[in-house]
$ cat protein04.pdb   # PDB, C-alpha atoms
ATOM      1  CA  MET I 651      29.707 -23.863  69.232
ATOM      2  CA  ARG I 652      28.883 -20.155  69.651
ATOM      3  CA  LEU I 653      25.309 -19.904  68.475
ATOM      4  CA  VAL I 654      23.637 -16.512  68.743
ATOM      5  CA  ARG I 655      20.041 -15.497  68.262
ATOM      6  CA  ILE I 656      19.049 -12.005  67.172
ATOM      7  CA  VAL I 657      16.947 -10.386  69.903
ATOM      8  CA  GLN I 658      13.498  -9.391  68.646
ATOM      9  CA  ARG I 659      12.551  -6.882  71.368
ATOM     10  CA  ARG I 660      14.842  -5.428  74.026
ATOM     11  CA  ALA I 661      11.857  -4.883  76.336
ATOM     12  CA  SER I 662      11.008  -8.582  76.366
ATOM     13  CA  TRP I 663      14.287  -9.264  78.233
ATOM     14  CA  GLU I 664      13.442  -6.799  81.004
ATOM     15  CA  ASP I 665      12.184  -7.896  84.421
ATOM     16  CA  GLY I 666       8.840  -6.160  83.910
ATOM     17  CA  THR I 667       7.915  -8.534  81.060
ATOM     18  CA  SER I 668       6.286 -11.837  81.997
ATOM     19  CA  PHE I 669       8.066 -15.052  81.068
ATOM     20  CA  ASP I 670       5.176 -16.019  78.806
ATOM     21  CA  ASP I 671       5.337 -12.770  76.786
ATOM     22  CA  PHE I 672       9.147 -13.052  76.664
ATOM     23  CA  PHE I 673       9.060 -16.666  75.449
ATOM     24  CA  GLN I 674       6.302 -16.017  72.920
ATOM     25  CA  THR I 675       8.054 -12.933  71.519
ATOM     26  CA  GLU I 676      11.574 -14.333  71.304
ATOM     27  CA  PHE I 677      11.142 -18.077  70.726
ATOM     28  CA  CYS I 678       7.686 -18.613  69.178
ATOM     29  CA  ASP I 679       5.835 -17.773  65.993
ATOM     30  CA  GLY I 680       2.073 -17.292  66.068
ATOM     31  CA  GLY I 681       1.816 -18.718  69.571
ATOM     32  CA  ALA I 682       3.610 -21.987  68.754
ATOM     33  CA  PRO I 683       7.201 -22.709  69.839
ATOM     34  CA  ASP I 684       9.609 -22.250  66.952
ATOM     35  CA  LEU I 685      11.092 -25.750  66.978
ATOM     36  CA  GLU I 686      13.445 -24.848  64.122
ATOM     37  CA  LEU I 687      14.891 -21.743  65.668
ATOM     38  CA  SER I 688      16.911 -19.468  63.413
ATOM     39  CA  VAL I 689      20.386 -18.831  64.876
ATOM     40  CA  TYR I 690      23.880 -17.931  63.661
ATOM     41  CA  ASP I 691      27.119 -19.773  64.383
ATOM     42  CA  THR I 692      29.583 -16.974  64.858
ATOM     43  CA  GLU I 693      32.478 -15.836  67.026
ATOM     44  CA  PRO I 694      32.324 -12.524  68.952
ATOM     45  CA  PRO I 695      34.298 -10.445  66.387
ATOM     46  CA  GLN I 696      31.750 -11.264  63.684
ATOM     47  CA  ARG I 697      28.609 -10.492  65.690
ATOM     48  CA  LEU I 698      28.437  -6.899  64.480
ATOM     49  CA  GLN I 699      28.601  -8.140  60.893
ATOM     50  CA  VAL I 700      25.866 -10.731  61.528
ATOM     51  CA  TYR I 701      23.642  -8.145  63.195
ATOM     52  CA  ALA I 702      24.130  -5.481  60.498
ATOM     53  CA  GLU I 703      23.540  -7.966  57.673
ATOM     54  CA  TYR I 704      20.471  -9.375  59.465
ATOM     55  CA  CYS I 705      18.960  -5.894  59.903
ATOM     56  CA  ALA I 706      19.567  -4.918  56.288
ATOM     57  CA  GLY I 707      18.834  -8.270  54.651
ATOM     58  CA  VAL I 708      16.188  -9.930  56.800
ATOM     59  CA  ARG I 709      14.420  -7.440  59.066
ATOM     60  CA  GLY I 710      14.448  -4.686  56.487
ATOM     61  CA  GLY I 711      14.219  -1.750  58.877
ATOM     62  CA  ARG I 712      16.606   1.111  59.519
ATOM     63  CA  PRO I 713      20.062   0.769  61.046
ATOM     64  CA  GLY I 714      19.387   0.774  64.768
ATOM     65  CA  THR I 715      20.404  -0.521  68.150
ATOM     66  CA  GLY I 716      19.623  -4.153  68.855
ATOM     67  CA  ALA I 717      21.097  -7.155  70.561
ATOM     68  CA  VAL I 718      22.172 -10.748  70.142
ATOM     69  CA  VAL I 719      21.923 -13.416  72.811
ATOM     70  CA  LEU I 720      24.415 -16.233  73.155
ATOM     71  CA  LEU I 721      22.814 -19.694  73.186
ATOM     72  CA  ASP I 722      26.088 -21.743  73.142
ATOM     73  CA  ASP I 723      25.015 -25.210  71.858
ATOM     74  CA  GLY I 724      21.400 -24.711  72.899
ATOM     75  CA  HIS I 725      19.600 -27.277  75.054
ATOM     76  CA  PRO I 726      21.216 -30.721  75.670
ATOM     77  CA  SER I 727      18.530 -32.153  73.384
ATOM     78  CA  SER I 728      19.102 -29.577  70.608
ATOM     79  CA  LYS I 729      20.237 -30.608  67.157
ATOM     80  CA  VAL I 730      22.003 -28.063  64.992
ATOM     81  CA  MET I 731      21.152 -28.159  61.297
ATOM     82  CA  VAL I 732      23.292 -26.319  58.756
ATOM     83  CA  LYS I 733      20.745 -24.387  56.743
ATOM     84  CA  PRO I 734      21.925 -21.659  54.342
ATOM     85  CA  SER I 735      19.312 -18.896  54.171
ATOM     86  CA  ASP I 736      18.085 -16.924  51.201
ATOM     87  CA  VAL I 737      19.602 -13.521  52.011
ATOM     88  CA  PRO I 738      21.729 -11.031  50.059
ATOM     89  CA  PHE I 739      24.813 -11.707  52.220
ATOM     90  CA  ALA I 740      26.941 -14.859  51.761
ATOM     91  CA  PHE I 741      28.397 -14.688  55.289
ATOM     92  CA  LEU I 742      24.971 -14.434  56.932
ATOM     93  CA  SER I 743      23.734 -17.352  54.857
ATOM     94  CA  GLU I 744      26.792 -19.538  55.578
ATOM     95  CA  THR I 745      26.594 -18.980  59.329
ATOM     96  CA  HIS I 746      22.835 -19.581  59.520
ATOM     97  CA  ARG I 747      21.722 -22.644  61.491
ATOM     98  CA  GLU I 748      18.463 -24.119  62.654
ATOM     99  CA  LEU I 749      18.387 -25.148  66.290
ATOM    100  CA  VAL I 750      15.962 -28.061  66.303
ATOM    101  CA  HIS I 751      14.154 -29.157  69.481
ATOM    102  CA  PRO I 752      11.976 -32.225  70.028
ATOM    103  CA  SER I 753       9.215 -30.188  71.692
ATOM    104  CA  GLY I 754       8.338 -26.815  73.156
ATOM    105  CA  LYS I 755       9.333 -28.028  76.639
ATOM    106  CA  GLU I 756      13.060 -28.145  75.813
ATOM    107  CA  LEU I 757      12.883 -24.793  74.032
ATOM    108  CA  GLN I 758      11.171 -23.277  77.059
ATOM    109  CA  GLU I 759      13.928 -24.646  79.327
ATOM    110  CA  LEU I 760      16.575 -23.101  77.078
ATOM    111  CA  ALA I 761      14.732 -19.766  77.058
ATOM    112  CA  ALA I 762      14.441 -19.776  80.860
ATOM    113  CA  LYS I 763      18.157 -20.526  81.245
ATOM    114  CA  VAL I 764      19.376 -17.780  78.912
ATOM    115  CA  ARG I 765      16.996 -15.249  80.477
ATOM    116  CA  VAL I 766      18.328 -15.965  83.954
ATOM    117  CA  GLU I 767      21.895 -15.694  82.614
ATOM    118  CA  LYS I 768      21.181 -12.548  80.606
ATOM    119  CA  SER I 769      24.080 -10.581  82.093
ATOM    120  CA  SER I 770      26.651 -12.949  80.553
ATOM    121  CA  ARG I 771      24.788 -13.784  77.337
ATOM    122  CA  TYR I 772      23.131 -10.590  76.151
ATOM    123  CA  GLU I 773      25.199  -8.265  73.977
ATOM    124  CA  GLU I 774      23.798  -4.944  72.813
ATOM    125  CA  ILE I 775      24.971  -3.536  69.495
ATOM    126  CA  LYS I 776      24.581   0.229  69.189
ATOM    127  CA  THR I 777      23.513   2.241  66.172
ATOM    128  CA  PRO I 778      26.864   4.086  65.773
ATOM    129  CA  GLU I 779      28.676   0.719  65.522
ATOM    130  CA  VAL I 780      26.236  -0.474  62.873
ATOM    131  CA  LYS I 781      26.462   2.764  60.900
ATOM    132  CA  ALA I 782      30.267   2.797  61.052
ATOM    133  CA  TYR I 783      30.372  -0.805  59.840
ATOM    134  CA  VAL I 784      28.047  -0.093  56.902
ATOM    135  CA  ARG I 785      29.989   3.059  55.938
ATOM    136  CA  ALA I 786      33.224   1.045  55.972
ATOM    137  CA  ARG I 787      31.691  -1.630  53.718
ATOM    138  CA  LYS I 788      30.446   1.090  51.379
ATOM    139  CA  GLU I 789      33.889   2.724  51.219
ATOM    140  CA  ALA I 790      35.436  -0.695  50.548
ATOM    141  CA  ARG I 791      33.031  -1.048  47.573
ATOM    142  CA  ASP I 792      31.645  -4.301  49.008
ATOM    143  CA  PRO I 793      29.352  -5.529  46.188
ATOM    144  CA  GLU I 794      26.821  -7.093  48.572
ATOM    145  CA  TRP I 795      26.374  -3.871  50.526
ATOM    146  CA  LEU I 796      26.338  -1.721  47.391
ATOM    147  CA  ALA I 797      23.491  -3.884  46.061
ATOM    148  CA  VAL I 798      21.501  -3.503  49.300
ATOM    149  CA  ILE I 799      22.131   0.245  49.442
ATOM    150  CA  ALA I 800      20.996   0.607  45.821
ATOM    151  CA  THR I 801      17.570  -0.819  46.686
ATOM    152  CA  ASN I 802      17.113   0.596  50.191
ATOM    153  CA  GLU I 803      18.036   4.235  50.734
ATOM    154  CA  ARG I 804      17.689   3.869  54.527
ATOM    155  CA  TRP I 805      21.051   2.089  54.435
ATOM    156  CA  ASP I 806      22.799   4.672  52.264
ATOM    157  CA  LEU I 807      24.710   6.297  55.110
TER     158      LEU I 807
ATOM    159  CA  MET Q 324     -13.681   0.335  60.074
ATOM    160  CA  GLU Q 325     -16.229  -0.502  62.754
ATOM    161  CA  ILE Q 326     -18.082  -3.797  62.961
ATOM    162  CA  THR Q 327     -20.352  -5.137  65.693
ATOM    163  CA  LYS Q 328     -20.471  -8.710  66.891
ATOM    164  CA  ARG Q 329     -23.936  -9.017  65.321
ATOM    165  CA  GLU Q 330     -22.541  -7.961  61.925
ATOM    166  CA  ALA Q 331     -19.636 -10.362  62.312
ATOM    167  CA  ALA Q 332     -21.995 -13.227  63.143
ATOM    168  CA  SER Q 333     -24.076 -12.308  60.116
ATOM    169  CA  LEU Q 334     -20.947 -12.445  57.941
ATOM    170  CA  LEU Q 335     -20.078 -15.875  59.248
ATOM    171  CA  GLY Q 336     -23.690 -16.926  58.641
ATOM    172  CA  ALA Q 337     -23.342 -15.848  55.022
ATOM    173  CA  VAL Q 338     -20.208 -17.940  54.721
ATOM    174  CA  SER Q 339     -21.975 -20.910  56.240
ATOM    175  CA  GLN Q 340     -25.029 -20.564  53.960
ATOM    176  CA  LYS Q 341     -22.875 -20.353  50.850
ATOM    177  CA  ALA Q 342     -20.866 -23.366  51.964
ATOM    178  CA  THR Q 343     -24.045 -25.316  52.729
ATOM    179  CA  ARG Q 344     -25.586 -24.491  49.337
ATOM    180  CA  PHE Q 345     -22.365 -25.514  47.631
ATOM    181  CA  VAL Q 346     -22.228 -28.824  49.496
ATOM    182  CA  ASP Q 347     -25.925 -29.520  48.738
ATOM    183  CA  HIS Q 348     -25.183 -28.985  45.088
ATOM    184  CA  CYS Q 349     -22.190 -31.306  45.253
ATOM    185  CA  VAL Q 350     -24.153 -34.015  47.068
ATOM    186  CA  ARG Q 351     -26.923 -33.908  44.446
ATOM    187  CA  SER Q 352     -24.494 -34.074  41.553
ATOM    188  CA  SER Q 353     -22.373 -36.809  43.064
ATOM    189  CA  SER Q 354     -25.179 -39.101  44.281
ATOM    190  CA  SER Q 355     -23.898 -41.969  42.209
ATOM    191  CA  VAL Q 356     -20.401 -41.682  43.631
ATOM    192  CA  THR Q 357     -19.483 -43.637  46.754
ATOM    193  CA  LEU Q 358     -16.902 -42.036  49.011
ATOM    194  CA  GLY Q 359     -15.447 -43.366  52.254
ATOM    195  CA  ARG Q 360     -15.990 -41.186  55.318
ATOM    196  CA  GLY Q 361     -12.375 -39.973  55.507
ATOM    197  CA  ALA Q 362     -12.219 -39.195  51.812
ATOM    198  CA  TRP Q 363     -15.605 -37.463  51.992
ATOM    199  CA  GLU Q 364     -14.507 -35.275  54.899
ATOM    200  CA  ARG Q 365     -11.274 -34.300  53.178
ATOM    201  CA  TRP Q 366     -13.174 -33.463  50.017
ATOM    202  CA  PHE Q 367     -15.791 -31.488  51.954
ATOM    203  CA  LEU Q 368     -13.201 -29.433  53.806
ATOM    204  CA  SER Q 369     -11.287 -28.657  50.678
ATOM    205  CA  ALA Q 370     -14.493 -27.701  48.819
ATOM    206  CA  ALA Q 371     -15.734 -25.556  51.691
ATOM    207  CA  ARG Q 372     -12.396 -23.775  51.930
ATOM    208  CA  ALA Q 373     -12.363 -23.113  48.206
ATOM    209  CA  THR Q 374     -15.912 -21.754  48.405
ATOM    210  CA  ILE Q 375     -15.128 -19.472  51.301
ATOM    211  CA  GLU Q 376     -12.005 -18.140  49.638
ATOM    212  CA  ARG Q 377     -13.908 -17.562  46.397
ATOM    213  CA  TYR Q 378     -16.925 -15.744  47.788
ATOM    214  CA  ILE Q 379     -15.758 -14.005  50.948
ATOM    215  CA  ALA Q 380     -12.934 -11.490  50.951
ATOM    216  CA  LEU Q 381     -10.020 -12.200  53.274
ATOM    217  CA  ASP Q 382     -10.476  -8.954  55.199
ATOM    218  CA  SER Q 383     -14.152  -9.746  55.943
ATOM    219  CA  LEU Q 384     -13.221 -13.181  57.232
ATOM    220  CA  VAL Q 385     -10.456 -11.853  59.435
ATOM    221  CA  ILE Q 386     -12.659  -9.073  60.798
ATOM    222  CA  ALA Q 387     -15.433 -11.560  61.556
ATOM    223  CA  TYR Q 388     -12.965 -13.872  63.272
ATOM    224  CA  GLY Q 389     -11.450 -10.995  65.239
ATOM    225  CA  ALA Q 390     -14.838  -9.652  66.321
ATOM    226  CA  LEU Q 391     -15.766 -13.047  67.722
ATOM    227  CA  SER Q 392     -12.453 -13.471  69.559
ATOM    228  CA  TRP Q 393     -11.609 -12.385  73.063
ATOM    229  CA  HIS Q 394      -9.406  -9.382  73.764
ATOM    230  CA  GLY Q 395      -5.736 -10.228  73.302
ATOM    231  CA  ASP Q 396      -6.592 -13.683  72.019
ATOM    232  CA  VAL Q 397      -5.557 -13.643  68.362
ATOM    233  CA  LYS Q 398      -2.076 -14.926  67.525
ATOM    234  CA  LEU Q 399      -0.684 -14.615  64.013
ATOM    235  CA  ARG Q 400       2.440 -16.074  62.448
ATOM    236  CA  ARG Q 401       4.931 -13.572  61.030
ATOM    237  CA  GLN Q 402       4.179 -14.666  57.460
ATOM    238  CA  ASP Q 403       0.432 -14.162  58.099
ATOM    239  CA  ILE Q 404       1.105 -10.651  59.386
ATOM    240  CA  ASP Q 405       2.954  -9.885  56.143
ATOM    241  CA  ARG Q 406       0.108 -11.388  54.112
ATOM    242  CA  LEU Q 407      -2.578  -9.395  55.930
ATOM    243  CA  LEU Q 408      -0.569  -6.190  55.598
ATOM    244  CA  ARG Q 409      -0.433  -6.796  51.850
ATOM    245  CA  ASP Q 410      -3.895  -8.266  51.163
ATOM    246  CA  ALA Q 411      -6.165  -7.154  54.006
ATOM    247  CA  PRO Q 412      -4.695  -4.092  55.754
ATOM    248  CA  SER Q 413      -8.100  -2.902  56.984
ATOM    249  CA  ALA Q 414      -8.538  -6.206  58.816
ATOM    250  CA  LEU Q 415      -5.144  -5.831  60.450
ATOM    251  CA  ALA Q 416      -6.068  -2.304  61.551
ATOM    252  CA  PHE Q 417      -9.372  -3.647  62.912
ATOM    253  CA  LEU Q 418      -7.593  -6.258  65.040
ATOM    254  CA  VAL Q 419      -5.294  -3.584  66.497
ATOM    255  CA  GLN Q 420      -8.017  -1.011  67.076
ATOM    256  CA  HIS Q 421     -10.183  -3.525  68.950
ATOM    257  CA  ASP Q 422      -7.295  -4.920  71.002
ATOM    258  CA  ARG Q 423      -7.797  -8.452  69.715
ATOM    259  CA  LEU Q 424      -4.124  -9.378  69.262
ATOM    260  CA  ALA Q 425      -1.963 -11.173  71.814
ATOM    261  CA  VAL Q 426       1.039  -9.137  73.006
ATOM    262  CA  PRO Q 427       3.699 -11.159  71.087
ATOM    263  CA  THR Q 428       1.695 -10.740  67.873
ATOM    264  CA  LEU Q 429       0.762  -7.107  68.461
ATOM    265  CA  THR Q 430       4.387  -6.002  68.803
ATOM    266  CA  PHE Q 431       5.239  -7.329  65.323
ATOM    267  CA  VAL Q 432       1.984  -6.022  63.842
ATOM    268  CA  ALA Q 433       2.795  -2.597  65.297
ATOM    269  CA  GLU Q 434       6.179  -2.593  63.561
ATOM    270  CA  ALA Q 435       4.528  -3.712  60.296
ATOM    271  CA  LEU Q 436       1.921  -0.929  60.526
ATOM    272  CA  GLY Q 437       4.733   1.520  59.790
ATOM    273  CA  ASP Q 438       4.474   0.324  56.186
ATOM    274  CA  LEU Q 439       0.681   0.673  55.995
ATOM    275  CA  ARG Q 440      -0.436   2.684  52.957
ATOM    276  CA  ASP Q 441      -3.034   4.541  55.042
ATOM    277  CA  LYS Q 442      -0.558   6.665  57.013
ATOM    278  CA  VAL Q 443      -3.258   8.526  58.970
ATOM    279  CA  THR Q 444      -4.712   5.304  60.368
ATOM    280  CA  ALA Q 445      -1.242   3.899  61.026
ATOM    281  CA  LYS Q 446      -0.189   6.990  63.021
ATOM    282  CA  ARG Q 447      -3.429   7.026  65.031
ATOM    283  CA  LEU Q 448      -3.140   3.340  65.953
ATOM    284  CA  LEU Q 449       0.573   3.453  66.710
ATOM    285  CA  VAL Q 450       0.498   6.602  68.853
ATOM    286  CA  ARG Q 451      -2.241   4.929  70.898
ATOM    287  CA  LEU Q 452      -0.073   1.812  71.262
ATOM    288  CA  LEU Q 453       2.660   3.930  72.879
ATOM    289  CA  SER Q 454       0.413   3.776  75.971
ATOM    290  CA  HIS Q 455      -0.131   0.002  75.797
ATOM    291  CA  ARG Q 456       0.308  -1.866  79.105
ATOM    292  CA  SER Q 457       3.077  -4.061  77.619
ATOM    293  CA  ALA Q 458       6.564  -2.620  77.049
ATOM    294  CA  VAL Q 459       7.063  -5.210  74.288
ATOM    295  CA  VAL Q 460       4.147  -3.677  72.374
ATOM    296  CA  ARG Q 461       5.287  -0.101  73.036
ATOM    297  CA  GLU Q 462       8.721  -0.958  71.609
ATOM    298  CA  GLY Q 463       7.052  -2.381  68.473
ATOM    299  CA  ALA Q 464       4.984   0.818  68.172
ATOM    300  CA  VAL Q 465       8.163   2.921  68.286
ATOM    301  CA  TYR Q 466       9.653   0.859  65.421
ATOM    302  CA  GLY Q 467       6.460   1.345  63.409
ATOM    303  CA  LEU Q 468       6.480   5.094  64.009
ATOM    304  CA  GLN Q 469      10.078   5.451  62.786
ATOM    305  CA  ASN Q 470       8.703   5.591  59.250
ATOM    306  CA  LEU Q 471       5.936   8.076  60.065
ATOM    307  CA  VAL Q 472       7.653  10.878  61.950
ATOM    308  CA  ASP Q 473       5.915  14.273  61.799
ATOM    309  CA  ASP Q 474       5.354  16.923  64.491
ATOM    310  CA  ASP Q 475       2.606  14.969  66.297
ATOM    311  CA  VAL Q 476       4.545  11.704  66.175
ATOM    312  CA  ARG Q 477       7.710  13.481  67.319
ATOM    313  CA  ALA Q 478       5.864  14.869  70.344
ATOM    314  CA  ALA Q 479       4.517  11.414  71.245
ATOM    315  CA  LEU Q 480       7.946   9.831  70.832
ATOM    316  CA  ARG Q 481       9.555  12.545  72.968
ATOM    317  CA  GLU Q 482       7.066  11.823  75.753
ATOM    318  CA  THR Q 483       7.937   8.116  75.510
ATOM    319  CA  ALA Q 484      11.681   8.802  75.416
ATOM    320  CA  GLU Q 485      11.414  10.884  78.597
ATOM    321  CA  GLY Q 486       8.809   9.032  80.611
ATOM    322  CA  ASP Q 487       8.452   5.363  79.682
ATOM    323  CA  VAL Q 488       9.217   2.963  82.539
ATOM    324  CA  SER Q 489      11.047   0.545  80.228
ATOM    325  CA  PRO Q 490      14.717   1.348  79.426
ATOM    326  CA  GLY Q 491      14.405  -0.543  76.123
ATOM    327  CA  VAL Q 492      11.377   1.477  75.026
ATOM    328  CA  ARG Q 493      12.965   4.766  76.091
ATOM    329  CA  ALA Q 494      16.148   3.950  74.172
ATOM    330  CA  ALA Q 495      14.186   2.942  71.063
ATOM    331  CA  ALA Q 496      12.172   6.189  71.200
ATOM    332  CA  GLU Q 497      15.326   8.300  71.602
ATOM    333  CA  GLU Q 498      16.804   6.619  68.546
ATOM    334  CA  ALA Q 499      13.629   7.177  66.519
ATOM    335  CA  LEU Q 500      13.837  10.892  67.356
ATOM    336  CA  ASP Q 501      17.499  11.034  66.304
ATOM    337  CA  ALA Q 502      16.958   9.176  63.017
TER     338      ALA Q 502
END

$ encode --input "protein04.pdb" --output "C-alpha cells"
Amino acid sequence: MRLVRIVQRRASWEDGTSFDDFFQTEFCDGGAPDLELSVYDTEPPQRLQVYAEYCAGVRGGRPGTGAVVLLDDGHPSSKVMVKPSDVPFAFLSETHRELVHPSGKELQELAAKVRVEKSSRYEEIKTPEVKAYVRARKEARDPEWLAVIATNERWDL
Amino acid sequence: MEITKREAASLLGAVSQKATRFVDHCVRSSSSVTLGRGAWERWFLSAARATIERYIALDSLVIAYGALSWHGDVKLRRQDIDRLLRDAPSALAFLVQHDRLAVPTLTFVAEALGDLRDKVTAKRLLVRLLSHRSAVVREGAVYGLQNLVDDDVRAALRETAEGDVSPGVRAAAEEALDA
C-alpha cells in the first residue's frame, strides 16, 4: 500500500524543530495523538491530484507549495480503514483512509521512522505544478473543479 | 483586549457563584428525590455546564482559562480553533497576544487568524509572530498573512523571505509575496 499524509508545515520537518513539536504538529490534534490518522492511498502519478484537491477542498487556502510524506503501510500495528470523506472531489474521497493505531506509542514510532527517512519519503509539490493542474482541469470543464472555482475565487486561475 | 489574572480569577469566581446558587436551588427543589452518587455527579456536572454556558459568554471563559494558564500551555483541537474563530475571536486573539498557546496549536491559530474579521488586530498579531522562536509558528503566520497583504505586511514578509533561518519559512514567505 502507498499511503501518503499531507504535510501540515514544511518547517516541522526541518532539523531545527524538536521532535515533540514535529510530532504534535504533524500527527496530533489538540495535544493528543491522532489515532485515526487521515491519509490517502495513492500511487505517485496521482499525488499532485490528491494534493491539489486537498488544498482546494479541505484546507481551503490558496494554491501553494506543500508536500506529502509516504507512510507505506504505516506501523506494523496499524490498521487501515476505508473511510470516504465528505469533500467536493470523488477521487479524494475514494482514496481517503484512516490509519488506526492502538496507542500514541506506535504512532510516535511511525513518526520517528518517517522523519529519519525523510529524504526518501518526503515529496514537495510546487505551486506552478498545482496551478498548471488546476488550469488543465478548468480547461477540461471538470465539473468538480468548476464547482469549487465558482465558490472560491482564489482557485480561479 | 487586556485582562489581568485578578480579573480572570474574579470571572471564574462569578462562574462558581452562579453554579453554586444553581445547585443550591436544585438541591432544595429535589429534596424528596433520592439519587445515587454516580447519577448525582453526572446530573450535577451536566447542570453546572448548562449554567456556565447560559450565563457566561464563551470568550470570557476562554480568556479566564488562558489568563490562568502558563505560557505556551494551551492546546486546542482544530475544530475548537474553528469554533473560537467563529464564536469568540477576541478570546483567540487574547491567547495569541499573551503567548498562551503551545507551538503546534499556535501555528494553526496563526493561519486561521488570516480570516479574522478584525484585520488590524490580525495583522498586528501575525507580523509579531513572524519573529516567534519556532519556525513552525512563523510558517503558520506567513499563511495567515497571505490574506492580509498590504505595504506593511509586504515589508515584513520580504524581511522573512530574505533573512529567516528556516528554508521552509523563507520559501513560504517568498510565495506569499508572489501571490

$ atom_distance --input "protein04.pdb" --atom1 "atom CA of Thr675 of chain I" --atom2 "atom CA of Pro427 of chain Q"
4.7 Å

$ atom_distance --input "protein04.pdb" --atom1 "atom CA of Ser489 of chain Q" --atom2 "atom CA of Thr667 of chain I"
9.6 Å

$ residues_around --input "protein04.pdb" --residues "Ala786 of chain I" --least-positions-apart "3" --cutoff "12 Å" --atoms "only C-alpha atoms" --output "list in words"
Gln699, Glu779, Val780, Lys781, Ala782, Tyr783, Glu789, Ala790, Arg791, Asp792, Trp795, Leu796, Asp806 and Leu807 of chain I

$ closest_atom_pairs --input "protein04.pdb" --of "chain I" --to "chain Q" --cutoff "7 Å" --atoms "only C-alpha atoms" --output "tab-separated table"
residue	atom	partner	partner_atom	distance
I:Arg659	CA	Q:Val459	CA	6.4
I:Arg660	CA	Q:Gly491	CA	5.3
I:Ala661	CA	Q:Gly491	CA	5.0
I:Ser662	CA	Q:Val459	CA	5.6
I:Asp671	CA	Q:Pro427	CA	6.1
I:Gln674	CA	Q:Pro427	CA	5.8
I:Thr675	CA	Q:Pro427	CA	4.7
I:Asp679	CA	Q:Arg400	CA	5.2
I:Gly680	CA	Q:Arg400	CA	3.8
I:Gly681	CA	Q:Lys398	CA	5.8

$ atom_distance --input "protein04.pdb" --atom1 "atom CA of Leu439 of chain Q" --atom2 "atom CA of Arg406 of chain Q"
12.2 Å

$ resolve_selection --input "protein04.pdb" --expression "the PyMOL selection byres ((chain Q and resi 446) around 10)" --output "ChimeraX atom specification"
/Q:436-437,439,441-445,447-452,464,467-468,470-473,475-476

$ write_last_selection --input "protein04.pdb" --atoms "C-alpha atoms" --output "PDB file, in the frame of the given file"
ATOM      1  CA  LEU Q 436       1.921  -0.929  60.526  1.00  0.00           C
ATOM      2  CA  GLY Q 437       4.733   1.520  59.790  1.00  0.00           C
ATOM      3  CA  LEU Q 439       0.681   0.673  55.995  1.00  0.00           C
ATOM      4  CA  ASP Q 441      -3.034   4.541  55.042  1.00  0.00           C
ATOM      5  CA  LYS Q 442      -0.558   6.665  57.013  1.00  0.00           C
ATOM      6  CA  VAL Q 443      -3.258   8.526  58.970  1.00  0.00           C
ATOM      7  CA  THR Q 444      -4.712   5.304  60.368  1.00  0.00           C
ATOM      8  CA  ALA Q 445      -1.242   3.899  61.026  1.00  0.00           C
ATOM      9  CA  ARG Q 447      -3.429   7.026  65.031  1.00  0.00           C
ATOM     10  CA  LEU Q 448      -3.140   3.340  65.953  1.00  0.00           C
ATOM     11  CA  LEU Q 449       0.573   3.453  66.710  1.00  0.00           C
ATOM     12  CA  VAL Q 450       0.498   6.602  68.853  1.00  0.00           C
ATOM     13  CA  ARG Q 451      -2.241   4.929  70.898  1.00  0.00           C
ATOM     14  CA  LEU Q 452      -0.073   1.812  71.262  1.00  0.00           C
ATOM     15  CA  ALA Q 464       4.984   0.818  68.172  1.00  0.00           C
ATOM     16  CA  GLY Q 467       6.460   1.345  63.409  1.00  0.00           C
ATOM     17  CA  LEU Q 468       6.480   5.094  64.009  1.00  0.00           C
ATOM     18  CA  ASN Q 470       8.703   5.591  59.250  1.00  0.00           C
ATOM     19  CA  LEU Q 471       5.936   8.076  60.065  1.00  0.00           C
ATOM     20  CA  VAL Q 472       7.653  10.878  61.950  1.00  0.00           C
ATOM     21  CA  ASP Q 473       5.915  14.273  61.799  1.00  0.00           C
ATOM     22  CA  ASP Q 475       2.606  14.969  66.297  1.00  0.00           C
ATOM     23  CA  VAL Q 476       4.545  11.704  66.175  1.00  0.00           C
TER      24      VAL Q 476
END

$ residues_around --input "protein04.pdb" --residues "segment 728-736 of chain I" --least-positions-apart "2" --cutoff "7 Å" --atoms "all atoms listed in the file" --output "MDAnalysis selection string"
chainID I and resid 724:726 743:744 746:751

$ resolve_selection --input "protein04.pdb" --expression "the PyMOL selection byres ((chain I and resi 701) around 12)" --output "VMD selection string"
chain I and resid 654 to 658 689 to 690 692 694 to 700 702 to 710 713 to 719 739 741 to 742 745 773 to 777 779 to 781 783 to 784

$ closest_residue --input "protein04.pdb" --among "Q:Arg456, Q:Ala479, Q:Ala411, Q:Asp396" --to "Gly666 of chain I" --atoms "only C-alpha atoms"
Q:Arg456

$ residues_around --input "protein04.pdb" --residues "Gly754 of chain I" --least-positions-apart "5" --cutoff "9 Å" --atoms "all atoms listed in the file" --output "ChimeraX atom specification"
/I:682-685,759

$ closest_residue --input "protein04.pdb" --among "I:Glu664, I:Lys788, I:Asp691, I:Ile799" --to "Leu720 of chain I" --atoms "only C-alpha atoms"
I:Asp691

$ resolve_selection --input "protein04.pdb" --expression "the PyMOL selection byres ((chain Q and resi 421) around 10)" --output "PyMOL selection string"
chain Q and resi 325-326+389-390+393-395+416-420+422-424

$ closest_residue --input "protein04.pdb" --among "Q:Leu408, Q:Leu500, Q:Ala414, Q:Val432" --to "Ile386 of chain Q" --atoms "only C-alpha atoms"
Q:Ala414
